[in-house]
Amino acid sequence: MKILVLNSGSSSLKYQLIDMTNEEVIAKGNFERIGQGNSFLTHKVGEEKHLIECPVENHEAAIKVVLEQFTHPEYGVIKDLKEIDAVGHRLVHGGEKFASSVVITDDVIEKVKECIPLAPLHNPAGILGIEACKRLMPGVPMVGVFDTAFHQTMPKENYIYPIPYEYYEKYGIRRYGFHGTSHRFVSERAAELLGGQRDDLKIVTCHLGQGASLAAIKGGKSLDTSMGLTPLAGIPMGTRCGDIDPAIVKYLMENEKLSIGEVDTILNKKSGAFGISGVSPDFRDIEIEAEKGNERASLALNNYNYLVAQYIAKYAVTLQGIDAIVFTAGIGENAGTTRKGICDKLAFMGVKIDDEKNKTRGQEIEISTPDSKIRVFVIPTNEELVIARDTMNLVK
Ligand code: ADP
């Protein structure tokens, strides 16, 4: 069975074509700047890279170009588009309507549309991807996999915000959480490494990428997560502020004479590690500057390590103990100094890591020492594979 996994952003389209007989990626790529007049596609077949510069107006035109690459006379990977058995769509927000992946029907599309107010930038893009596939690949079954679904197991006292209850009832304002596909994947893998899933297995997963979130997972169920109603909450990120005093919004509006939209842009795009360091949103650049003695770069990294460690400790309360901590995504998989900076702050809880093992990048490894009270793993995430597996299981 061959499955096409699509991740439609507002002006981008990422995809992977996966052969489920061996879970191998046959081709993958990224269409960027869709609808901006200078769009281009980077299509990869194994190590071979093809750059296709072609202006496309919308997602449907982009998907059409992608499908042409799959059957390209020179570097095509399938003979006929009929070989694609199903399409799995990454969808961001399923609100309280979706607690797991679903086969896409007209009713599902309607429900995803009803969730647009909760994810005004992301859900419309997902719907564009679905509708384009409906027209270009009629009859091919499609599945929606939601970023929020895995966290639907959170108990109400963990997801409710302490603001007037009527706003929860009226608008669904509550903690939803994101990166659910990744938290699910790495926690399931960690459970395997810990000898199998058990009801009392307590894992804290740290998805540390440009966007970042933590989750407290017991017996395979998410009990809490650091992102909230939107992906702006929680730990600081490349450019997002994470948790801050909400009164800062009013303060900035008044003192800097900014509109609410301008403050929103500052908190989403100019804050986080970039905001503090002034260097870059990329941790590689910040680390280099910190090594050269740039104090704000060091401050950004220390602030990050402190707040991530604090969240992990907070989740010891949620879970009533922690068996394992898992690091994943760009920073979690690659940045050994950040992992060490975080784990060192948890030494009082008995977390101990092996400095040699911690040098490993981008590979699955246990980095804790044999006498560490909490086991610590690096597990590369693979959200596309989860989407493909869910798609296969649901269309079978
Ligand atoms: P996204 O949220 O966009 O999927 P990723 O999970 O790919 O992000 O993470 C990208 C980030 O990972 C980069 O911006 C960078 O900060 C960080 N990163 C990647 N490699 C390294 C490295 N070797 N050292 C430190 N940080 C790294």
# chains A, B, ... in the order shown; residues from 1 in each chain; ligands from 1
call {"tool": "residues_near_ligand", "arguments": {"ligand": "ligand 1", "cutoff": "6 Å", "atoms": "only C-alpha atoms and all ligand atoms", "output": "number ranges by chain"}}
result
A: 209-211, 282-284, 329-331, 334-335
call {"tool": "write_last_selection", "arguments": {"atoms": "N, CA, C and O atoms", "output": "CSV table (one decimal), in the first residue's frame"}}
result
chain,number,residue,atom,x,y,z
A,209,GLY,N,11.4,21.9,18.9
A,209,GLY,CA,11.7,22.3,17.5
A,209,GLY,C,11.5,23.8,17.5
A,209,GLY,O,11.6,24.5,18.5
A,210,GLN,N,11.3,24.4,16.3
A,210,GLN,CA,11.1,25.8,16.2
A,210,GLN,C,9.8,26.1,17.0
A,210,GLN,O,9.8,27.1,17.8
A,211,GLY,N,8.8,25.3,16.8
A,211,GLY,CA,7.7,25.3,17.8
A,211,GLY,C,8.0,24.2,18.8
A,211,GLY,O,8.7,23.3,18.5
A,282,ASP,N,17.3,30.4,15.4
A,282,ASP,CA,17.9,29.1,15.3
A,282,ASP,C,18.9,28.9,16.4
A,282,ASP,O,19.9,29.6,16.6
A,283,PHE,N,18.7,27.8,17.1
A,283,PHE,CA,19.5,27.5,18.3
A,283,PHE,C,21.0,27.3,17.9
A,283,PHE,O,21.9,27.5,18.7
A,284,ARG,N,21.2,26.8,16.7
A,284,ARG,CA,22.7,26.7,16.3
A,284,ARG,C,23.4,28.0,16.3
A,284,ARG,O,24.5,28.1,16.8
A,329,ALA,N,12.5,16.3,18.2
A,329,ALA,CA,12.5,17.4,17.2
A,329,ALA,C,13.8,18.1,17.2
A,329,ALA,O,14.8,17.7,17.9
A,330,GLY,N,14.0,19.1,16.3
A,330,GLY,CA,15.3,19.7,15.9
A,330,GLY,C,16.2,19.9,17.0
A,330,GLY,O,17.3,19.4,17.0
A,331,ILE,N,15.8,20.6,18.1
A,331,ILE,CA,16.6,20.9,19.2
A,331,ILE,C,16.8,19.7,20.1
A,331,ILE,O,17.9,19.3,20.5
A,334,ASN,N,19.1,17.2,18.5
A,334,ASN,CA,20.5,17.6,18.0
A,334,ASN,C,21.3,18.4,19.0
A,334,ASN,O,22.5,18.3,19.0
A,335,ALA,N,20.6,19.2,19.9
A,335,ALA,CA,21.3,20.1,20.7
A,335,ALA,C,21.7,19.5,22.1
A,335,ALA,O,21.0,19.6,23.1
call {"tool": "residues_around", "arguments": {"residues": "region 300-316 of chain A", "least_positions_apart": "5", "cutoff": "8 Å", "atoms": "only C-alpha atoms", "output": "list in words"}}
result
Val204, Leu214, Ala216, Asp224, Ser226, Ile235, Pro236, Gly272, Ala273, Phe274, Ile276, Ser277, Ile286, Glu287, Gly321, Ile322, Thr338, Gly341, Ile342, Cys343, Lys345 and Leu346 of chain A
call {"tool": "residues_around", "arguments": {"residues": "Val140 (chain A)", "least_positions_apart": "3", "cutoff": "10 Å", "atoms": "only C-alpha atoms", "output": "CSV table (one decimal) with N, CA and C atoms, in the first residue's frame"}}
result
chain,number,residue,atom,x,y,z
A,82,LYS,N,-2.8,5.8,-9.9
A,82,LYS,CA,-3.7,4.9,-9.3
A,82,LYS,C,-3.0,4.0,-8.2
A,84,ILE,N,-1.4,5.2,-5.8
A,84,ILE,CA,-1.6,5.9,-4.5
A,84,ILE,C,-2.9,5.4,-3.9
A,85,ASP,N,-2.8,4.6,-2.8
A,85,ASP,CA,-4.0,4.0,-2.3
A,85,ASP,C,-4.8,4.9,-1.4
A,86,ALA,N,-4.2,5.9,-0.7
A,86,ALA,CA,-4.9,6.7,0.2
A,86,ALA,C,-4.0,8.0,0.5
A,87,VAL,N,-4.7,9.0,1.0
A,87,VAL,CA,-4.0,10.2,1.4
A,87,VAL,C,-4.3,10.5,2.8
A,133,CYS,N,-7.3,17.5,-3.2
A,133,CYS,CA,-7.2,16.1,-3.5
A,133,CYS,C,-8.5,15.4,-3.9
A,134,LYS,N,-9.6,15.9,-3.4
A,134,LYS,CA,-10.9,15.4,-3.8
A,134,LYS,C,-11.1,15.6,-5.3
A,136,LEU,N,-8.6,16.3,-7.6
A,136,LEU,CA,-7.5,15.7,-8.4
A,136,LEU,C,-7.4,14.2,-8.3
A,137,MET,N,-7.8,13.6,-7.2
A,137,MET,CA,-7.7,12.1,-7.0
A,137,MET,C,-9.1,11.6,-6.5
A,395,VAL,N,-8.2,3.0,6.5
A,395,VAL,CA,-8.8,2.7,5.1
A,395,VAL,C,-8.8,1.2,4.8
call {"tool": "atom_distance", "arguments": {"atom1": "CA of Val25 (chain A)", "atom2": "CA of Ser8 (chain A)"}}
result
18.2 Å
call {"tool": "closest_residue", "arguments": {"among": "A:His207, A:His151, A:Lys373, A:Arg296", "to": "Gly332 (chain A)", "atoms": "only C-alpha atoms"}}
result
A:His207
call {"tool": "residues_around", "arguments": {"residues": "Gln16 (chain A)", "least_positions_apart": "6", "cutoff": "10 Å", "atoms": "only C-alpha atoms", "output": "list in words"}}
result
Ile3, Leu4, Val5, Leu6, Asn7, Glu24, Val25, Ile26, Ala27, Lys28, Gly29, Asn30, His43, Lys44, Gly88, Glu384, Leu385 and Ala388 of chain A
call {"tool": "closest_residue", "arguments": {"among": "A:Val143, A:Gly94, A:Lys64, A:Leu229", "to": "Tyr159 (chain A)", "atoms": "only C-alpha atoms"}}
result
A:Leu229
call {"tool": "residues_around", "arguments": {"residues": "Asp199 (chain A)", "least_positions_apart": "6", "cutoff": "12 Å", "atoms": "only C-alpha atoms", "output": "list of chain:residue names"}}
result
A:Ala191, A:Ile217, A:Lys218, A:Gly219, A:Gly220, A:Lys221, A:Leu319
call {"tool": "write_last_selection", "arguments": {"atoms": "N, CA and C atoms", "output": "short mmCIF file (atom, residue, chain, number, x, y, z; two decimals), in the first residue's frame"}}
result
data_model
loop_
_atom_site.label_atom_id
_atom_site.label_comp_id
_atom_site.auth_asym_id
_atom_site.auth_seq_id
_atom_site.Cartn_x
_atom_site.Cartn_y
_atom_site.Cartn_z
N ALA A 191 7.86 3.78 25.55
CA ALA A 191 7.22 2.68 26.29
C ALA A 191 7.79 1.34 25.83
N ILE A 217 2.54 12.26 30.09
CA ILE A 217 1.80 11.11 29.55
C ILE A 217 1.83 9.93 30.54
N LYS A 218 0.65 9.47 30.92
CA LYS A 218 0.58 8.33 31.84
C LYS A 218 -0.17 7.18 31.16
N GLY A 219 0.46 6.03 31.14
CA GLY A 219 -0.17 4.87 30.50
C GLY A 219 -0.59 5.15 29.07
N GLY A 220 0.21 5.95 28.36
CA GLY A 220 -0.09 6.24 26.95
C GLY A 220 -1.10 7.35 26.74
N LYS A 221 -1.59 7.96 27.82
CA LYS A 221 -2.60 9.02 27.69
C LYS A 221 -2.03 10.37 28.12
N LEU A 319 1.98 13.83 37.01
CA LEU A 319 2.08 12.37 36.87
C LEU A 319 2.33 11.66 38.20
#
call {"tool": "select_by_dssp", "arguments": {"residues": "region 37-95 of chain A", "states": "strand (DSSP E)", "output": "ChimeraX atom specification"}}
result
/A:40-45,48-53,84-91
call {"tool": "select_by_dssp", "arguments": {"residues": "region 207-330 of chain A", "states": "alpha helix (DSSP H)", "output": "PyMOL selection string"}}
result
chain A and resi 247-255+260-269+272-277+283-291+295-319+329-330
call {"tool": "closest_residue", "arguments": {"among": "A:Gly228, A:Val92, A:His50, A:Gly37", "to": "Val112 (chain A)", "atoms": "only C-alpha atoms"}}
result
A:Val92
call {"tool": "residues_around", "arguments": {"residues": "region 115-127 of chain A", "least_positions_apart": "2", "cutoff": "10 Å", "atoms": "only C-alpha atoms", "output": "number ranges by chain"}}
result
A: 6-13, 59, 89-97, 109-113, 129-133, 144, 171-173, 176, 229-231
call {"tool": "residues_around", "arguments": {"residues": "Leu67 (chain A)", "least_positions_apart": "5", "cutoff": "9 Å", "atoms": "only C-alpha atoms", "output": "list of chain:residue names"}}
result
A:Ala62, A:His72, A:Leu81
call {"tool": "closest_residue", "arguments": {"among": "A:Glu256, A:Asp147, A:Glu295, A:Glu157", "to": "Gly177 (chain A)", "atoms": "only C-alpha atoms"}}
result
A:Asp147
call {"tool": "decode", "arguments": {"residues": "region 9-122 of chain A", "atoms": "C-alpha atoms", "output": "PDB file, in the first residue's frame"}}
result
ATOM      1  CA  GLY A   9       0.420  25.239   5.406  1.00  0.00           C
ATOM      2  CA  SER A  10      -0.994  28.637   4.484  1.00  0.00           C
ATOM      3  CA  SER A  11       1.595  29.101   1.710  1.00  0.00           C
ATOM      4  CA  SER A  12       3.412  25.783   1.771  1.00  0.00           C
ATOM      5  CA  LEU A  13       2.817  22.127   1.105  1.00  0.00           C
ATOM      6  CA  LYS A  14       5.009  19.388   2.529  1.00  0.00           C
ATOM      7  CA  TYR A  15       4.517  15.815   1.393  1.00  0.00           C
ATOM      8  CA  GLN A  16       5.865  12.292   1.576  1.00  0.00           C
ATOM      9  CA  LEU A  17       4.932   9.300  -0.507  1.00  0.00           C
ATOM     10  CA  ILE A  18       5.390   6.243   1.720  1.00  0.00           C
ATOM     11  CA  ASP A  19       5.418   2.575   0.747  1.00  0.00           C
ATOM     12  CA  MET A  20       3.758   0.883   3.718  1.00  0.00           C
ATOM     13  CA  THR A  21       5.125  -2.575   2.898  1.00  0.00           C
ATOM     14  CA  ASN A  22       8.447  -1.429   4.417  1.00  0.00           C
ATOM     15  CA  GLU A  23       7.446   2.064   5.658  1.00  0.00           C
ATOM     16  CA  GLU A  24       9.987   3.540   3.256  1.00  0.00           C
ATOM     17  CA  VAL A  25       9.736   7.111   1.960  1.00  0.00           C
ATOM     18  CA  ILE A  26       9.701   6.826  -1.847  1.00  0.00           C
ATOM     19  CA  ALA A  27       9.672  10.558  -2.527  1.00  0.00           C
ATOM     20  CA  LYS A  28       9.172  13.696  -0.521  1.00  0.00           C
ATOM     21  CA  GLY A  29       9.304  17.420  -0.869  1.00  0.00           C
ATOM     22  CA  ASN A  30       8.201  20.884  -0.012  1.00  0.00           C
ATOM     23  CA  PHE A  31       6.348  23.460  -2.107  1.00  0.00           C
ATOM     24  CA  GLU A  32       7.043  26.950  -0.800  1.00  0.00           C
ATOM     25  CA  ARG A  33       5.532  30.403  -1.372  1.00  0.00           C
ATOM     26  CA  ILE A  34       2.325  29.098  -2.928  1.00  0.00           C
ATOM     27  CA  GLY A  35       0.264  31.958  -4.357  1.00  0.00           C
ATOM     28  CA  GLN A  36       3.091  34.462  -4.027  1.00  0.00           C
ATOM     29  CA  GLY A  37       4.245  34.485  -7.656  1.00  0.00           C
ATOM     30  CA  ASN A  38       7.673  32.994  -6.924  1.00  0.00           C
ATOM     31  CA  SER A  39       6.727  29.550  -5.711  1.00  0.00           C
ATOM     32  CA  PHE A  40       9.097  26.626  -6.033  1.00  0.00           C
ATOM     33  CA  LEU A  41       9.145  22.953  -5.267  1.00  0.00           C
ATOM     34  CA  THR A  42      12.020  20.981  -3.825  1.00  0.00           C
ATOM     35  CA  HIS A  43      11.323  17.349  -4.694  1.00  0.00           C
ATOM     36  CA  LYS A  44      13.524  14.566  -3.365  1.00  0.00           C
ATOM     37  CA  VAL A  45      13.848  10.978  -4.531  1.00  0.00           C
ATOM     38  CA  GLY A  46      16.346   9.325  -2.195  1.00  0.00           C
ATOM     39  CA  GLU A  47      19.404  11.576  -2.161  1.00  0.00           C
ATOM     40  CA  GLU A  48      18.473  13.062  -5.551  1.00  0.00           C
ATOM     41  CA  LYS A  49      17.103  16.584  -5.317  1.00  0.00           C
ATOM     42  CA  HIS A  50      15.056  18.359  -7.996  1.00  0.00           C
ATOM     43  CA  LEU A  51      14.302  22.057  -7.835  1.00  0.00           C
ATOM     44  CA  ILE A  52      11.190  22.987  -9.806  1.00  0.00           C
ATOM     45  CA  GLU A  53      10.541  26.705 -10.067  1.00  0.00           C
ATOM     46  CA  CYS A  54       6.965  27.191 -11.111  1.00  0.00           C
ATOM     47  CA  PRO A  55       4.474  29.818 -10.065  1.00  0.00           C
ATOM     48  CA  VAL A  56       1.321  28.171  -8.723  1.00  0.00           C
ATOM     49  CA  GLU A  57      -1.682  30.121  -7.576  1.00  0.00           C
ATOM     50  CA  ASN A  58      -3.114  27.747  -5.033  1.00  0.00           C
ATOM     51  CA  HIS A  59      -2.826  24.394  -3.271  1.00  0.00           C
ATOM     52  CA  GLU A  60      -4.680  22.538  -6.001  1.00  0.00           C
ATOM     53  CA  ALA A  61      -2.176  23.713  -8.638  1.00  0.00           C
ATOM     54  CA  ALA A  62       0.679  22.830  -6.270  1.00  0.00           C
ATOM     55  CA  ILE A  63      -0.622  19.302  -5.639  1.00  0.00           C
ATOM     56  CA  LYS A  64      -1.036  18.842  -9.387  1.00  0.00           C
ATOM     57  CA  VAL A  65       2.662  19.652  -9.913  1.00  0.00           C
ATOM     58  CA  VAL A  66       3.622  17.294  -7.064  1.00  0.00           C
ATOM     59  CA  LEU A  67       1.585  14.448  -8.587  1.00  0.00           C
ATOM     60  CA  GLU A  68       3.355  15.051 -11.930  1.00  0.00           C
ATOM     61  CA  GLN A  69       6.697  14.533 -10.170  1.00  0.00           C
ATOM     62  CA  PHE A  70       5.584  11.116  -8.903  1.00  0.00           C
ATOM     63  CA  THR A  71       5.040   9.904 -12.487  1.00  0.00           C
ATOM     64  CA  HIS A  72       7.838  11.974 -14.096  1.00  0.00           C
ATOM     65  CA  PRO A  73       9.348  10.143 -17.145  1.00  0.00           C
ATOM     66  CA  GLU A  74      12.918  10.487 -15.792  1.00  0.00           C
ATOM     67  CA  TYR A  75      12.711  10.396 -12.009  1.00  0.00           C
ATOM     68  CA  GLY A  76       9.150   9.218 -11.408  1.00  0.00           C
ATOM     69  CA  VAL A  77       8.619   6.683  -8.617  1.00  0.00           C
ATOM     70  CA  ILE A  78       5.292   5.208  -9.716  1.00  0.00           C
ATOM     71  CA  LYS A  79       3.833   4.408 -13.138  1.00  0.00           C
ATOM     72  CA  ASP A  80       0.310   5.538 -12.475  1.00  0.00           C
ATOM     73  CA  LEU A  81      -1.331   7.765  -9.865  1.00  0.00           C
ATOM     74  CA  LYS A  82      -3.737   4.872  -9.262  1.00  0.00           C
ATOM     75  CA  GLU A  83      -0.892   3.302  -7.274  1.00  0.00           C
ATOM     76  CA  ILE A  84      -1.585   5.851  -4.501  1.00  0.00           C
ATOM     77  CA  ASP A  85      -4.033   3.996  -2.262  1.00  0.00           C
ATOM     78  CA  ALA A  86      -4.876   6.742   0.220  1.00  0.00           C
ATOM     79  CA  VAL A  87      -4.007  10.248   1.355  1.00  0.00           C
ATOM     80  CA  GLY A  88      -3.312  11.207   4.965  1.00  0.00           C
ATOM     81  CA  HIS A  89      -3.750  14.882   5.809  1.00  0.00           C
ATOM     82  CA  ARG A  90      -2.106  16.550   8.766  1.00  0.00           C
ATOM     83  CA  LEU A  91      -4.751  18.793  10.301  1.00  0.00           C
ATOM     84  CA  VAL A  92      -3.964  21.180  13.120  1.00  0.00           C
ATOM     85  CA  HIS A  93      -7.092  21.760  15.141  1.00  0.00           C
ATOM     86  CA  GLY A  94      -9.831  19.250  15.821  1.00  0.00           C
ATOM     87  CA  GLY A  95     -11.171  21.148  18.843  1.00  0.00           C
ATOM     88  CA  GLU A  96     -13.232  18.854  21.067  1.00  0.00           C
ATOM     89  CA  LYS A  97     -14.688  17.186  17.985  1.00  0.00           C
ATOM     90  CA  PHE A  98     -11.836  14.791  17.211  1.00  0.00           C
ATOM     91  CA  ALA A  99     -10.027  12.611  19.750  1.00  0.00           C
ATOM     92  CA  SER A 100      -8.434  10.401  17.099  1.00  0.00           C
ATOM     93  CA  SER A 101      -7.755  10.236  13.369  1.00  0.00           C
ATOM     94  CA  VAL A 102     -10.765   9.918  11.039  1.00  0.00           C
ATOM     95  CA  VAL A 103     -11.689   8.955   7.508  1.00  0.00           C
ATOM     96  CA  ILE A 104     -12.554  12.225   5.763  1.00  0.00           C
ATOM     97  CA  THR A 105     -16.178  12.642   4.750  1.00  0.00           C
ATOM     98  CA  ASP A 106     -18.225  15.757   3.954  1.00  0.00           C
ATOM     99  CA  ASP A 107     -19.364  15.758   7.583  1.00  0.00           C
ATOM    100  CA  VAL A 108     -15.744  15.695   8.790  1.00  0.00           C
ATOM    101  CA  ILE A 109     -14.863  18.602   6.464  1.00  0.00           C
ATOM    102  CA  GLU A 110     -17.765  20.577   7.960  1.00  0.00           C
ATOM    103  CA  LYS A 111     -16.531  19.878  11.489  1.00  0.00           C
ATOM    104  CA  VAL A 112     -12.961  20.904  10.586  1.00  0.00           C
ATOM    105  CA  LYS A 113     -14.435  24.126   9.206  1.00  0.00           C
ATOM    106  CA  GLU A 114     -16.275  24.673  12.496  1.00  0.00           C
ATOM    107  CA  CYS A 115     -12.852  24.575  14.199  1.00  0.00           C
ATOM    108  CA  ILE A 116     -11.475  27.401  12.006  1.00  0.00           C
ATOM    109  CA  PRO A 117     -11.943  30.083  14.700  1.00  0.00           C
ATOM    110  CA  LEU A 118      -9.567  28.039  16.894  1.00  0.00           C
ATOM    111  CA  ALA A 119      -6.876  27.851  14.186  1.00  0.00           C
ATOM    112  CA  PRO A 120      -7.606  30.616  11.674  1.00  0.00           C
ATOM    113  CA  LEU A 121      -4.326  30.216   9.793  1.00  0.00           C
ATOM    114  CA  HIS A 122      -3.917  26.450   9.857  1.00  0.00           C
TER     115      HIS A 122
END
